$ cat run_0.tsv   # TSV, C-alpha atoms
chain	number	residue	atom	x	y	z
H	1426	MET	CA	-103.67	196.54	-2.38
H	1427	GLY	CA	-101.62	194.88	-5.03
H	1428	GLN	CA	-100.11	195.15	-8.45
H	1429	HIS	CA	-102.48	195.41	-11.44
H	1430	LEU	CA	-102.21	192.27	-13.55
H	1431	MET	CA	-103.76	192.85	-16.94
H	1432	ARG	CA	-102.79	194.88	-19.94
H	1433	ARG	CA	-105.63	193.50	-22.06
H	1434	ALA	CA	-108.83	192.23	-20.44
H	1435	PRO	CA	-112.55	192.00	-21.16
H	1436	LYS	CA	-114.43	195.24	-20.64
H	1437	TYR	CA	-115.36	196.07	-17.03
H	1438	VAL	CA	-112.87	193.52	-15.64
H	1439	HIS	CA	-110.38	194.63	-12.98
H	1440	GLY	CA	-107.57	192.45	-11.69
H	1441	PHE	CA	-104.99	192.70	-8.95
H	1442	MET	CA	-102.66	190.61	-6.82
H	1443	ASP	CA	-103.84	190.22	-3.24
H	1444	ARG	CA	-101.57	190.26	-0.20
H	1445	HIS	CA	-101.10	186.49	-0.48
H	1446	GLY	CA	-99.82	186.79	-4.04
H	1447	LYS	CA	-103.00	185.34	-5.53
H	1448	PRO	CA	-104.49	186.97	-8.64
H	1449	ARG	CA	-108.09	188.08	-8.25
H	1450	PHE	CA	-110.48	189.39	-10.88
H	1451	TYR	CA	-113.75	191.25	-10.56
H	1452	PHE	CA	-116.49	192.45	-12.86
H	1453	ARG	CA	-117.13	196.08	-11.97
H	1454	ARG	CA	-119.60	198.19	-13.91
H	1455	ARG	CA	-121.48	201.23	-12.72
H	1456	GLY	CA	-125.00	200.31	-11.69
H	1457	PHE	CA	-124.22	196.58	-11.55
H	1458	LYS	CA	-123.29	194.25	-8.75
H	1459	LYS	CA	-119.61	193.65	-8.19
H	1460	VAL	CA	-118.93	190.01	-9.14
H	1461	SER	CA	-115.86	187.86	-8.40
H	1462	LEU	CA	-114.70	186.00	-11.52
H	1463	PRO	CA	-113.13	182.51	-11.28
H	1464	GLY	CA	-109.92	181.36	-12.92
H	1465	LEU	CA	-107.91	183.39	-15.40
H	1466	PRO	CA	-109.18	185.86	-18.01
H	1467	TRP	CA	-110.45	184.30	-21.25
H	1468	SER	CA	-110.68	180.77	-19.79
H	1469	PRO	CA	-114.07	179.06	-20.31
H	1470	ASP	CA	-115.10	179.30	-16.63
H	1471	PHE	CA	-114.01	182.93	-16.47
H	1472	MET	CA	-115.88	183.89	-19.64
H	1473	ALA	CA	-119.04	182.06	-18.57
H	1474	ALA	CA	-119.08	184.02	-15.30
H	1475	TYR	CA	-118.23	187.22	-17.17
H	1476	GLU	CA	-121.14	186.77	-19.60
H	1477	ALA	CA	-123.45	186.10	-16.66
H	1478	ALA	CA	-122.27	189.24	-14.89
H	1479	LEU	CA	-122.61	191.31	-18.05
H	1480	ALA	CA	-126.25	190.30	-18.36
H	1481	GLY	CA	-126.84	190.14	-14.61
H	1482	GLN	CA	-129.04	192.14	-12.31
H	1483	PRO	CA	-128.23	195.79	-11.62
H	1484	LEU	CA	-128.24	197.30	-8.19
H	1485	GLU	CA	-130.88	199.94	-7.65
H	1486	ILE	CA	-128.18	202.61	-7.61
H	1487	GLY	CA	-129.73	206.04	-7.72
H	1488	SER	CA	-133.20	204.57	-7.26
H	1489	ALA	CA	-134.06	207.45	-4.94
H	1490	ARG	CA	-133.74	209.75	-7.97
H	1491	VAL	CA	-135.97	207.55	-10.13
H	1492	LYS	CA	-139.59	208.62	-10.32
H	1493	PRO	CA	-141.78	206.02	-8.54
H	1494	GLY	CA	-144.17	204.26	-10.91
H	1495	SER	CA	-142.22	205.35	-13.99
H	1496	ILE	CA	-141.09	203.10	-16.84
H	1497	ARG	CA	-137.53	203.41	-15.56
H	1498	ALA	CA	-138.51	202.38	-12.02
H	1499	LEU	CA	-140.51	199.49	-13.44
H	1500	SER	CA	-137.48	198.43	-15.49
H	1501	ILE	CA	-135.26	198.31	-12.42
H	1502	SER	CA	-137.82	196.14	-10.66
H	1503	TYR	CA	-138.18	193.88	-13.70
H	1504	PHE	CA	-134.42	193.37	-13.98
H	1505	ASN	CA	-134.48	192.03	-10.42
H	1506	SER	CA	-137.53	189.81	-10.97
H	1507	ALA	CA	-137.59	186.02	-11.12
H	1508	ASP	CA	-139.06	186.18	-14.64
H	1509	PHE	CA	-136.11	188.15	-15.95
H	1510	ARG	CA	-133.54	186.02	-14.11
H	1511	SER	CA	-135.04	182.84	-15.54
H	1512	LEU	CA	-134.30	184.01	-19.11
H	1513	ALA	CA	-131.20	182.80	-20.92
H	1514	MET	CA	-128.23	185.13	-20.43
H	1515	SER	CA	-128.23	186.09	-24.10
H	1516	THR	CA	-131.93	186.95	-23.89
H	1517	GLN	CA	-131.38	188.97	-20.72
H	1518	SER	CA	-128.71	190.99	-22.47
H	1519	THR	CA	-130.98	191.63	-25.48
H	1520	TYR	CA	-133.96	192.65	-23.33
H	1521	ARG	CA	-131.81	194.92	-21.18
H	1522	ASN	CA	-130.33	196.73	-24.17
H	1523	ILE	CA	-133.75	197.35	-25.76
H	1524	ILE	CA	-135.29	198.57	-22.50
H	1525	GLU	CA	-132.38	200.84	-21.57
H	1526	ARG	CA	-132.33	202.41	-25.04
H	1527	PHE	CA	-136.10	202.92	-24.92
H	1528	CYS	CA	-135.91	204.62	-21.50
H	1529	LYS	CA	-133.41	207.14	-22.88
H	1530	GLU	CA	-135.43	207.98	-26.00
H	1531	THR	CA	-137.35	211.27	-26.00
H	1532	ASP	CA	-140.83	212.22	-27.14
H	1533	LYS	CA	-141.90	215.33	-29.09
H	1534	GLU	CA	-141.74	217.43	-25.92
H	1535	GLY	CA	-138.19	216.30	-25.17
H	1536	GLY	CA	-139.07	214.15	-22.17
H	1537	GLU	CA	-137.52	210.70	-21.79
H	1538	TYR	CA	-139.84	207.71	-22.04
H	1539	GLY	CA	-138.20	206.28	-18.95
H	1540	ASP	CA	-139.75	209.09	-16.89
H	1541	LYS	CA	-143.28	208.41	-18.17
H	1542	ASP	CA	-145.85	206.89	-15.82
H	1543	ALA	CA	-146.11	203.13	-16.50
H	1544	ALA	CA	-149.81	203.24	-15.61
H	1545	THR	CA	-150.60	205.62	-18.49
H	1546	LEU	CA	-149.26	203.49	-21.35
H	1547	ARG	CA	-152.11	202.72	-23.76
H	1548	PRO	CA	-152.40	200.33	-26.73
H	1549	GLU	CA	-152.39	203.15	-29.29
H	1550	TYR	CA	-149.16	204.48	-27.76
H	1551	VAL	CA	-147.54	201.05	-28.19
H	1552	VAL	CA	-148.63	200.93	-31.84
H	1553	ARG	CA	-147.21	204.41	-32.45
H	1554	LEU	CA	-143.92	203.56	-30.75
H	1555	MET	CA	-143.62	200.46	-32.92
H	1556	SER	CA	-144.31	202.51	-36.05
H	1557	LEU	CA	-141.32	204.73	-35.26
H	1558	ARG	CA	-138.92	201.81	-35.38
H	1559	ALA	CA	-136.67	201.47	-38.43
H	1560	THR	CA	-137.47	197.81	-39.14
H	1561	PRO	CA	-140.31	195.37	-38.39
H	1562	HIS	CA	-137.88	193.23	-36.38
H	1563	SER	CA	-136.99	196.21	-34.20
H	1564	ALA	CA	-140.67	197.06	-33.74
H	1565	ASN	CA	-141.50	193.50	-32.72
H	1566	GLY	CA	-138.56	193.48	-30.33
H	1567	LEU	CA	-139.87	196.60	-28.60
H	1568	ARG	CA	-143.36	195.08	-28.38
H	1569	LYS	CA	-141.93	191.95	-26.77
H	1570	VAL	CA	-140.05	193.78	-24.01
H	1571	LEU	CA	-142.94	196.17	-23.37
H	1572	ARG	CA	-145.18	193.14	-22.95
H	1573	ALA	CA	-142.78	191.73	-20.36
H	1574	LEU	CA	-142.68	195.08	-18.53
H	1575	MET	CA	-146.46	195.48	-18.51
H	1576	LYS	CA	-146.92	191.92	-17.25
H	1577	HIS	CA	-144.59	192.81	-14.39
H	1578	ALA	CA	-146.51	196.05	-13.77
H	1579	VAL	CA	-149.75	194.07	-13.41
H	1580	GLU	CA	-148.04	191.70	-10.97
H	1581	LEU	CA	-146.88	194.66	-8.89
H	1582	GLY	CA	-150.33	196.22	-8.91
H	1583	LEU	CA	-149.18	199.32	-10.80
H	1584	ARG	CA	-151.97	198.78	-13.30
H	1585	ALA	CA	-154.90	196.41	-13.79
H	1586	ASP	CA	-154.46	195.64	-17.50
H	1587	ASP	CA	-151.81	194.87	-20.10
H	1588	PRO	CA	-151.95	197.50	-22.87
H	1589	THR	CA	-149.84	195.31	-25.17
H	1590	ARG	CA	-152.23	192.36	-25.05
H	1591	ASP	CA	-154.19	193.23	-28.19
H	1592	VAL	CA	-151.29	194.83	-30.07
H	1593	LYS	CA	-150.28	192.45	-32.84
H	1594	ALA	CA	-146.75	191.82	-33.97
H	1595	ILE	CA	-145.80	192.97	-37.46
H	1596	ARG	CA	-145.83	190.03	-39.84
H	1597	VAL	CA	-142.52	189.65	-41.61
H	1598	LYS	CA	-142.31	187.45	-44.69
H	1599	SER	CA	-138.88	185.98	-44.24
H	1600	GLU	CA	-137.29	182.57	-44.15
H	1601	GLY	CA	-134.83	183.85	-41.56
H	1602	TYR	CA	-131.16	183.07	-41.92
H	1603	HIS	CA	-130.15	181.61	-45.27
H	1604	SER	CA	-129.60	177.85	-45.09
H	1605	TRP	CA	-126.33	176.90	-46.76
H	1606	THR	CA	-126.55	174.74	-49.87
H	1607	ASP	CA	-124.12	171.91	-50.59
H	1608	ALA	CA	-122.55	174.06	-53.33
H	1609	GLU	CA	-121.95	176.92	-50.88
H	1610	ILE	CA	-120.38	174.57	-48.34
H	1611	ASP	CA	-118.07	173.25	-51.09
H	1612	GLN	CA	-117.19	176.81	-52.13
H	1613	PHE	CA	-116.22	177.72	-48.54
H	1614	GLU	CA	-114.12	174.56	-48.20
H	1615	LYS	CA	-112.22	175.32	-51.41
H	1616	LYS	CA	-111.31	178.76	-50.06
H	1617	HIS	CA	-110.46	177.66	-46.52
H	1618	LEU	CA	-108.45	174.45	-46.57
H	1619	VAL	CA	-108.08	171.83	-43.84
H	1620	GLY	CA	-105.69	173.06	-41.17
H	1621	THR	CA	-107.13	176.57	-41.02
H	1622	SER	CA	-109.31	177.86	-38.20
H	1623	ALA	CA	-112.01	178.83	-40.69
H	1624	ARG	CA	-112.32	175.25	-41.97
H	1625	LEU	CA	-112.43	173.94	-38.40
H	1626	ALA	CA	-115.14	176.47	-37.55
H	1627	LEU	CA	-117.23	175.33	-40.53
H	1628	ALA	CA	-116.86	171.68	-39.54
H	1629	LEU	CA	-117.79	172.32	-35.90
H	1630	LEU	CA	-120.90	174.24	-36.93
H	1631	LEU	CA	-121.92	171.81	-39.67
H	1632	TYR	CA	-121.30	168.50	-37.89
H	1633	THR	CA	-122.70	169.49	-34.51
H	1634	GLY	CA	-125.63	171.73	-35.48
H	1635	GLN	CA	-124.94	173.98	-32.50
H	1636	ARG	CA	-125.26	177.73	-32.02
H	1637	ARG	CA	-122.18	179.93	-32.20
H	1638	SER	CA	-122.40	180.50	-28.42
H	1639	ASP	CA	-121.85	176.75	-27.94
H	1640	VAL	CA	-119.29	176.17	-30.70
H	1641	VAL	CA	-116.87	178.78	-29.31
H	1642	LEU	CA	-116.65	176.83	-26.01
H	1643	ILE	CA	-115.96	173.39	-27.49
H	1644	GLY	CA	-112.51	171.93	-26.76
H	1645	ARG	CA	-110.79	168.57	-26.32
H	1646	GLN	CA	-112.14	168.34	-22.78
H	1647	HIS	CA	-115.61	167.85	-24.29
H	1648	ILE	CA	-114.58	164.71	-26.20
H	1649	ARG	CA	-115.24	161.39	-24.48
H	1650	ASP	CA	-115.73	157.96	-26.03
H	1651	GLY	CA	-115.93	159.31	-29.56
H	1652	SER	CA	-118.62	161.87	-28.76
H	1653	LEU	CA	-118.91	165.54	-27.88
H	1654	HIS	CA	-120.56	166.19	-24.51
H	1655	ILE	CA	-122.09	169.68	-24.55
H	1656	ARG	CA	-124.35	171.74	-22.33
H	1657	GLN	CA	-126.05	174.38	-24.48
H	1658	VAL	CA	-125.55	177.93	-23.25
H	1659	LYS	CA	-128.98	179.20	-24.27
H	1660	THR	CA	-131.13	176.28	-23.10
H	1661	GLY	CA	-128.98	174.41	-20.57
H	1662	VAL	CA	-129.77	171.17	-22.43
H	1663	GLU	CA	-127.05	168.50	-22.19
H	1664	LEU	CA	-126.24	166.75	-25.48
H	1665	THR	CA	-124.07	163.81	-26.48
H	1666	ILE	CA	-123.22	164.09	-30.17
H	1667	PRO	CA	-121.19	161.36	-31.93
H	1668	ILE	CA	-118.21	162.92	-33.72
H	1669	HIS	CA	-118.51	162.70	-37.51
H	1670	PRO	CA	-115.37	161.19	-39.13
H	1671	ALA	CA	-114.87	164.34	-41.23
H	1672	LEU	CA	-114.92	166.54	-38.11
H	1673	ASP	CA	-112.58	164.14	-36.29
H	1674	ALA	CA	-110.06	164.34	-39.14
H	1675	ILE	CA	-110.19	168.15	-39.32
H	1676	ILE	CA	-109.70	168.47	-35.55
H	1677	ALA	CA	-106.66	166.17	-35.80
H	1678	ASP	CA	-105.18	168.20	-38.69
H	1679	THR	CA	-105.69	171.64	-37.12
H	1680	PRO	CA	-102.98	172.82	-34.71
H	1681	ASN	CA	-104.38	173.74	-31.30
H	1682	GLU	CA	-102.91	174.10	-27.82
H	1683	HIS	CA	-105.79	175.88	-26.11
H	1684	LEU	CA	-108.83	174.92	-24.05
H	1685	THR	CA	-111.11	175.77	-26.96
H	1686	PHE	CA	-110.65	174.65	-30.56
H	1687	LEU	CA	-111.41	178.14	-31.88
H	1688	THR	CA	-109.39	181.13	-30.68
H	1689	THR	CA	-108.73	184.72	-31.68
H	1690	THR	CA	-105.47	185.87	-33.24
H	1691	PHE	CA	-104.32	186.53	-29.66
H	1692	GLY	CA	-104.93	182.91	-28.69
H	1693	LYS	CA	-107.98	183.83	-26.58
H	1694	PRO	CA	-111.41	182.16	-26.73
H	1695	PHE	CA	-114.02	183.91	-28.86
H	1696	THR	CA	-117.12	185.52	-27.49
H	1697	ALA	CA	-120.23	184.52	-29.43
H	1698	ALA	CA	-120.53	187.98	-31.01
H	1699	GLY	CA	-116.81	188.18	-31.79
H	1700	PHE	CA	-116.91	184.77	-33.46
H	1701	GLY	CA	-119.94	185.80	-35.52
H	1702	ASN	CA	-118.08	188.84	-36.86
H	1703	TRP	CA	-114.93	186.82	-37.55
H	1704	PHE	CA	-116.84	184.07	-39.37
H	1705	ARG	CA	-118.72	186.72	-41.34
H	1706	GLU	CA	-115.32	187.88	-42.68
H	1707	LYS	CA	-114.40	184.32	-43.64
H	1708	CYS	CA	-117.68	183.99	-45.55
H	1709	ASP	CA	-116.97	187.25	-47.35
H	1710	ALA	CA	-113.50	185.99	-48.29
H	1711	ALA	CA	-115.16	182.93	-49.87
H	1712	ASN	CA	-117.53	185.23	-51.79
H	1713	LEU	CA	-120.49	184.09	-49.68
H	1714	PRO	CA	-121.76	187.40	-48.23
H	1715	HIS	CA	-125.28	186.02	-47.72
H	1716	CYS	CA	-124.13	183.09	-45.58
H	1717	SER	CA	-123.73	183.07	-41.80
H	1718	ALA	CA	-122.85	180.83	-38.87
H	1719	HIS	CA	-126.51	180.36	-37.93
H	1720	GLY	CA	-127.30	179.33	-41.48
H	1721	LEU	CA	-125.07	176.28	-40.99
H	1722	ARG	CA	-127.29	175.16	-38.11
H	1723	LYS	CA	-130.19	175.17	-40.55
H	1724	ALA	CA	-128.05	173.33	-43.11
H	1725	THR	CA	-127.31	170.62	-40.54
H	1726	ALA	CA	-131.04	170.12	-39.94
H	1727	ARG	CA	-131.61	170.00	-43.69
H	1728	MET	CA	-128.87	167.40	-44.23
H	1729	LEU	CA	-130.25	165.23	-41.44
H	1730	ALA	CA	-133.74	165.47	-42.94
H	1731	GLU	CA	-132.43	164.55	-46.40
H	1732	ALA	CA	-130.75	161.52	-44.82
H	1733	GLY	CA	-134.18	160.39	-43.65
H	1734	CYS	CA	-133.84	161.33	-39.97
H	1735	SER	CA	-137.03	161.89	-38.01
H	1736	GLU	CA	-137.79	165.19	-36.30
H	1737	HIS	CA	-136.92	163.66	-32.93
H	1738	GLU	CA	-133.58	162.37	-34.29
H	1739	ILE	CA	-132.76	165.82	-35.67
H	1740	GLY	CA	-133.66	167.41	-32.32
H	1741	ALA	CA	-131.32	164.98	-30.55
H	1742	ILE	CA	-128.45	166.56	-32.49
H	1743	THR	CA	-129.43	170.22	-32.62
H	1744	GLY	CA	-131.02	170.35	-29.18
H	1745	HIS	CA	-134.22	172.02	-30.40
H	1746	ALA	CA	-136.97	171.71	-27.79
H	1747	SER	CA	-139.65	172.69	-30.31
H	1748	LEU	CA	-140.39	170.28	-33.13
H	1749	ARG	CA	-142.15	173.14	-34.90
H	1750	GLU	CA	-138.82	174.91	-35.32
H	1751	ILE	CA	-137.28	171.74	-36.78
H	1752	VAL	CA	-140.19	171.41	-39.20
H	1753	ARG	CA	-139.56	174.98	-40.34
H	1754	TYR	CA	-135.87	174.27	-40.88
H	1755	THR	CA	-136.45	171.05	-42.82
H	1756	LYS	CA	-139.58	171.97	-44.78
H	1757	ALA	CA	-137.77	172.19	-48.12
H	1758	ALA	CA	-136.00	168.87	-47.59
H	1759	ASP	CA	-139.25	167.13	-46.63
H	1760	GLN	CA	-141.01	168.57	-49.69
H	1761	LYS	CA	-138.29	167.29	-51.99
H	1762	ARG	CA	-138.25	163.82	-50.44
H	1763	LEU	CA	-142.04	163.52	-50.51
H	1764	ALA	CA	-142.21	164.80	-54.10
H	1765	VAL	CA	-139.66	162.19	-55.24
H	1766	ALA	CA	-141.57	159.43	-53.43
H	1767	ALA	CA	-144.86	160.59	-54.91
H	1768	MET	CA	-143.46	160.66	-58.46
H	1769	GLU	CA	-141.98	157.18	-58.04
H	1770	LYS	CA	-145.46	155.90	-57.15
H	1771	VAL	CA	-146.92	157.59	-60.24
H	1772	LYS	CA	-144.19	156.09	-62.44
H	1773	ALA	CA	-144.75	152.64	-60.99
H	1774	ARG	CA	-148.48	152.85	-61.63
H	1775	THR	CA	-147.96	154.18	-65.16
H	1776	SER	CA	-145.51	151.42	-66.08
H	1777	SER	CA	-147.76	148.70	-64.67
H	1778	GLY	CA	-150.71	150.14	-66.60

$ encode --input "run_0.tsv" --output "structure tokens"
Amino acid sequence: MGQHLMRRAPKYVHGFMDRHGKPRFYFRRRGFKKVSLPGLPWSPDFMAAYEAALAGQPLEIGSARVKPGSIRALSISYFNSADFRSLAMSTQSTYRNIIERFCKETDKEGGEYGDKDAATLRPEYVVRLMSLRATPHSANGLRKVLRALMKHAVELGLRADDPTRDVKAIRVKSEGYHSWTDAEIDQFEKKHLVGTSARLALALLLYTGQRRSDVVLIGRQHIRDGSLHIRQVKTGVELTIPIHPALDAIIADTPNEHLTFLTTTFGKPFTAAGFGNWFREKCDAANLPHCSAHGLRKATARMLAEAGCSEHEIGAITGHASLREIVRYTKAADQKRLAVAAMEKVKARTSSG
């Protein structure tokens, strides 16, 4: 039907030239819907549609061979539900991976969990399955997706109760991603000078407070009237962020002829995961193995808090819908500011006495 166009393309993408000489591209993966992709490979519109297709709803291919009422059959139904479709694409992808891996796991008798009857899952089974996970985070992830599946099972009338309801998540004492200190930011900047992609990546993360999935899409087309106009991938929230003078100068001093400021060595836009791995290498090169892209989002919130910004002002930059999350990010900065203010009051009272 036409000549194949691509030598290098995203996985599951097929391209050809139609009879009118127009290039056409499709996402084709076994068990998934065939999806037409707009524009050219690696362009922002193309990659947005590709990510959506990658996390999209599967066809019920082979559903006749799936045992009715089983975990696997319930999973297929859940993937096509409104609840699943309403999740962010990144969350859909995460849930799908956990569920599909779980369905393929085997019990002591060698049977796959996906073939088990969804109506027979009991709380003690959920606890045992969680205990078999390698890490608390993995166990809590399994609990979360099983809760979503059981909620769907109740809605379908496959069972009357939710066996995960009284199963508690494993408490993990962790501050999450490490928040960069000023010294660590300075150390990275000394290693990666202005004009390099690494320095531009740091500035975009630090002076916008956005997730890596948003930063990889930012280009000159997002700049209007001295501000960046962004729609967050995960939340869909639209933000207008004034461009910090330091970021403006770094953008001007970094060569770029692409739709996005950050590109791979092949001149293609990054995926969020690909960018995370690449930035991880840049951190390692600066002898900062404990630092990450997400940690800069926390550092941005900290810097805004130290500058005296309110929680609502910080949320206007980072796009956080939950003030509780902002409070968690800025707790250390608030403690320091309040401690300094408290000590100044004590000193004033002591001197007056």

$ closest_residue --input "run_0.tsv" --among "H:Ala1730, H:Leu1629, H:Gly1634, H:Gln1760" --to "His1745 (chain H)" --atoms "all atoms listed in the file"
H:Gly1634

$ residues_around --input "run_0.tsv" --residues "Cys1716 (chain H)" --least-positions-apart "4" --cutoff "7 Å" --atoms "only C-alpha atoms" --output "list in words"
His1603, Trp1605, Cys1708 and Gly1720 of chain H

$ residues_near_point --input "run_0.tsv" --point "(-109.6, 186.9, -26.7)" --cutoff "10 Å" --atoms "all atoms listed in the file" --output "PDB file with C-alpha atoms, in the frame of the given file"
ATOM      1  CA  ARG H1433    -105.630 193.500 -22.060  1.00  0.00           C
ATOM      2  CA  ALA H1434    -108.830 192.230 -20.440  1.00  0.00           C
ATOM      3  CA  PRO H1435    -112.550 192.000 -21.160  1.00  0.00           C
ATOM      4  CA  PRO H1466    -109.180 185.860 -18.010  1.00  0.00           C
ATOM      5  CA  TRP H1467    -110.450 184.300 -21.250  1.00  0.00           C
ATOM      6  CA  SER H1468    -110.680 180.770 -19.790  1.00  0.00           C
ATOM      7  CA  MET H1472    -115.880 183.890 -19.640  1.00  0.00           C
ATOM      8  CA  THR H1688    -109.390 181.130 -30.680  1.00  0.00           C
ATOM      9  CA  THR H1689    -108.730 184.720 -31.680  1.00  0.00           C
ATOM     10  CA  THR H1690    -105.470 185.870 -33.240  1.00  0.00           C
ATOM     11  CA  PHE H1691    -104.320 186.530 -29.660  1.00  0.00           C
ATOM     12  CA  GLY H1692    -104.930 182.910 -28.690  1.00  0.00           C
ATOM     13  CA  LYS H1693    -107.980 183.830 -26.580  1.00  0.00           C
ATOM     14  CA  PRO H1694    -111.410 182.160 -26.730  1.00  0.00           C
ATOM     15  CA  PHE H1695    -114.020 183.910 -28.860  1.00  0.00           C
ATOM     16  CA  THR H1696    -117.120 185.520 -27.490  1.00  0.00           C
ATOM     17  CA  GLY H1699    -116.810 188.180 -31.790  1.00  0.00           C
TER      18      GLY H1699
END

$ closest_residue --input "run_0.tsv" --among "H:Arg1454, H:Gly1644, H:Glu1750, H:Tyr1550" --to "Asn1681 (chain H)" --atoms "all atoms listed in the file"
H:Gly1644

$ atom_distance --input "run_0.tsv" --atom1 "CA of Pro1714 (chain H)" --atom2 "CA of Glu1476 (chain H)"
28.6 Å

$ atom_distance --input "run_0.tsv" --atom1 "CA of Arg1645 (chain H)" --atom2 "CA of Leu1462 (chain H)"
23.2 Å

$ atom_distance --input "run_0.tsv" --atom1 "CA of Ser1511 (chain H)" --atom2 "CA of Gly1566 (chain H)"
18.6 Å

$ closest_residue --input "run_0.tsv" --among "H:Leu1581, H:Leu1687, H:Ala1732, H:Ala1623" --to "Glu1706 (chain H)" --atoms "all atoms listed in the file"
H:Ala1623

$ residues_near_point --input "run_0.tsv" --point "(-154.7, 198.9, -27.4)" --cutoff "7 Å" --atoms "all atoms listed in the file" --output "ChimeraX atom specification"
/H:1547-1549,1588-1589,1591-1592

$ closest_residue --input "run_0.tsv" --among "H:Lys1770, H:His1669, H:His1647, H:Arg1636" --to "Ala1697 (chain H)" --atoms "all atoms listed in the file"
H:Arg1636

$ closest_residue --input "run_0.tsv" --among "H:Lys1615, H:His1562, H:Arg1568, H:Arg1624" --to "Lys1598 (chain H)" --atoms "all atoms listed in the file"
H:His1562

$ closest_residue --input "run_0.tsv" --among "H:Ile1668, H:Leu1574, H:Ala1718, H:Val1579" --to "Val1641 (chain H)" --atoms "all atoms listed in the file"
H:Ala1718

$ axis_aligned_box --input "run_0.tsv" --around "region 1562-1570 of chain H" --padding-each-side "8 Å" --output "JSON"
{"center_x": -140.2, "center_y": 194.5, "center_z": -30.2, "size_x": 22.4, "size_y": 21.1, "size_z": 28.4}

$ residues_around --input "run_0.tsv" --residues "Ser1652 (chain H)" --least-positions-apart "5" --cutoff "8 Å" --atoms "all atoms listed in the file" --output "list of chain:residue names"
H:Thr1665, H:Ile1666, H:Pro1667, H:Ile1668

$ write_last_selection --input "run_0.tsv" --atoms "C-alpha atoms" --output "short mmCIF file (atom, residue, chain, number, x, y, z; two decimals), in the coordinates of the input"
data_model
loop_
_atom_site.label_atom_id
_atom_site.label_comp_id
_atom_site.auth_asym_id
_atom_site.auth_seq_id
_atom_site.Cartn_x
_atom_site.Cartn_y
_atom_site.Cartn_z
CA THR H 1665 -124.07 163.81 -26.48
CA ILE H 1666 -123.22 164.09 -30.17
CA PRO H 1667 -121.19 161.36 -31.93
CA ILE H 1668 -118.21 162.92 -33.72
#

$ residues_around --input "run_0.tsv" --residues "Thr1621 (chain H)" --least-positions-apart "4" --cutoff "7 Å" --atoms "all atoms listed in the file" --output "number ranges by chain"
H: 1617, 1625, 1679
